[in-house]
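What follows is one structure encoded as structure tokens, with my remarks underneath.
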Amino acid sequence: MTHALIVIDVQNDFCPGGALAVPEGDSIVAGINALMETAEAVVLTQDWHPGGHSSFASSHTDRAPYDMNDMPYGPQVLWPDHCVQGSDGAAFHPDLNADRADMIVRKGYRPEIDSYSAFFENDQTTPTGLDGYLRTRGITALTMVGLATDFCVNFSAVDAAKLGFDVTVRMDLCRAIDLDGSLAAARDGMAAAGVTLT
């Protein structure tokens, strides 16, 4: 076994009707389920924020969702409250075959720091443990799918490539927020990091 499918944040709050809905976020679920059927290993990631998380606009006076804020670890988009631990919004989309997962990586649970990547918090140094898990299983190649292309998929793919994994992103099984051109920037960044986009 050398290959794993990494399914990024296919959660209710990122799907239509959710607190931070990605357009057509639910349209990729059937395709992801089909891909899981042939995958050697499956890892799901799950945004898992405590209430009052520092990345929430509501945690800052006179700030609105999608404002930028300077954090100790760098610039941070302030988001609507989303994927609060234990909430329905944090749950996986009900049609996602979550039972197929070998591992679930929860991220963003530290109140003071956000986590887009499946591998590191946004300080780019605090690990989630996924790298070690994959290496102990002998996995060297990753296919990534999920939400959102320009944030959590992008950061996960770039980090994985930097760590030496052979990374492919299935763009047909991702959807983007596309915040002020963030999708084009993400495509360029992933390609520059050596990620294969299909």
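In the structure tokens, chains take letters A, B, ... by order of appearance, with residues numbered from 1 within each chain and ligands from 1 in the order shown.
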**Request:** Mind checking which residues fall within 8 Å of Leu20 (chain A), counting only C-alpha atoms, ignoring those fewer than 6 positions away in the same chain, and posting them as a list in words?
**Result:** Asp13, Phe14, Trp79, Pro80, Asp81 and His82 of chain A
Just want the 6 Å neighbourhood of region 26-29 of chain A, counted on only C-alpha atoms, with same-chain residues fewer than 3 positions away dropped. Output as a JSON list (two decimals) with all heavy atoms, in the first residue's frame.
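Okay, this is what ended up in around01.json:
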[["chain", "number", "residue", "atom", "x", "y", "z"],
["A", 15, "CYS", "N", -21.16, 23.14, 2.77],
["A", 15, "CYS", "CA", -22.07, 22.77, 1.70],
["A", 15, "CYS", "C", -23.25, 23.75, 1.66],
["A", 15, "CYS", "O", -23.48, 24.49, 2.62],
["A", 15, "CYS", "CB", -22.55, 21.33, 1.90],
["A", 15, "CYS", "SG", -21.22, 20.11, 1.67],
["A", 32, "ILE", "N", -16.66, 11.50, -4.89],
["A", 32, "ILE", "CA", -15.69, 11.14, -3.84],
["A", 32, "ILE", "C", -15.99, 9.73, -3.31],
["A", 32, "ILE", "O", -15.08, 8.92, -3.13],
["A", 32, "ILE", "CB", -15.70, 12.17, -2.70],
["A", 32, "ILE", "CG1", -15.12, 13.50, -3.19],
["A", 32, "ILE", "CG2", -14.93, 11.65, -1.49],
["A", 32, "ILE", "CD1", -15.26, 14.64, -2.21],
["A", 96, "LEU", "N", -21.79, 11.51, 2.52],
["A", 96, "LEU", "CA", -20.39, 11.08, 2.41],
["A", 96, "LEU", "C", -20.21, 9.74, 3.13],
["A", 96, "LEU", "O", -20.67, 9.57, 4.25],
["A", 96, "LEU", "CB", -19.48, 12.13, 3.04],
["A", 96, "LEU", "CG", -17.97, 11.86, 2.91],
["A", 96, "LEU", "CD1", -17.51, 12.08, 1.48],
["A", 96, "LEU", "CD2", -17.17, 12.75, 3.87],
["A", 173, "LEU", "N", -13.27, 17.09, -8.35],
["A", 173, "LEU", "CA", -13.86, 16.66, -7.08],
["A", 173, "LEU", "C", -13.50, 17.64, -5.95],
["A", 173, "LEU", "O", -13.39, 17.26, -4.78],
["A", 173, "LEU", "CB", -13.42, 15.24, -6.74],
["A", 173, "LEU", "CG", -13.94, 14.16, -7.70],
["A", 173, "LEU", "CD1", -13.41, 12.79, -7.32],
["A", 173, "LEU", "CD2", -15.47, 14.15, -7.75]]
**Request:** Among the residues of chain A, find those DSSP assigns to alpha helix (DSSP H) from the backbone and print them as number ranges by chain.
**Result:** A: 29-38, 130-136, 154-162, 182-192
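The interatomic distance for the pair CA of Asp9 (chain A) and CA of Leu142 (chain A) works out to 15.9 Å.
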**Residue neighbourhood region 105-117 of chain A, 9 Å, only C-alpha atoms, exclusion window fewer than 6 positions, as a ChimeraX atom specification** = /A:43-55,71-73,76,85,123-124,128-130,151-159
**Request:** Give the answer as one residue: which of A:Ser182, A:Asn97, A:Thr140, A:Thr149 has the shortest atom-to-atom distance to Gly164 (chain A), using only C-alpha atoms?
**Result:** A:Thr140
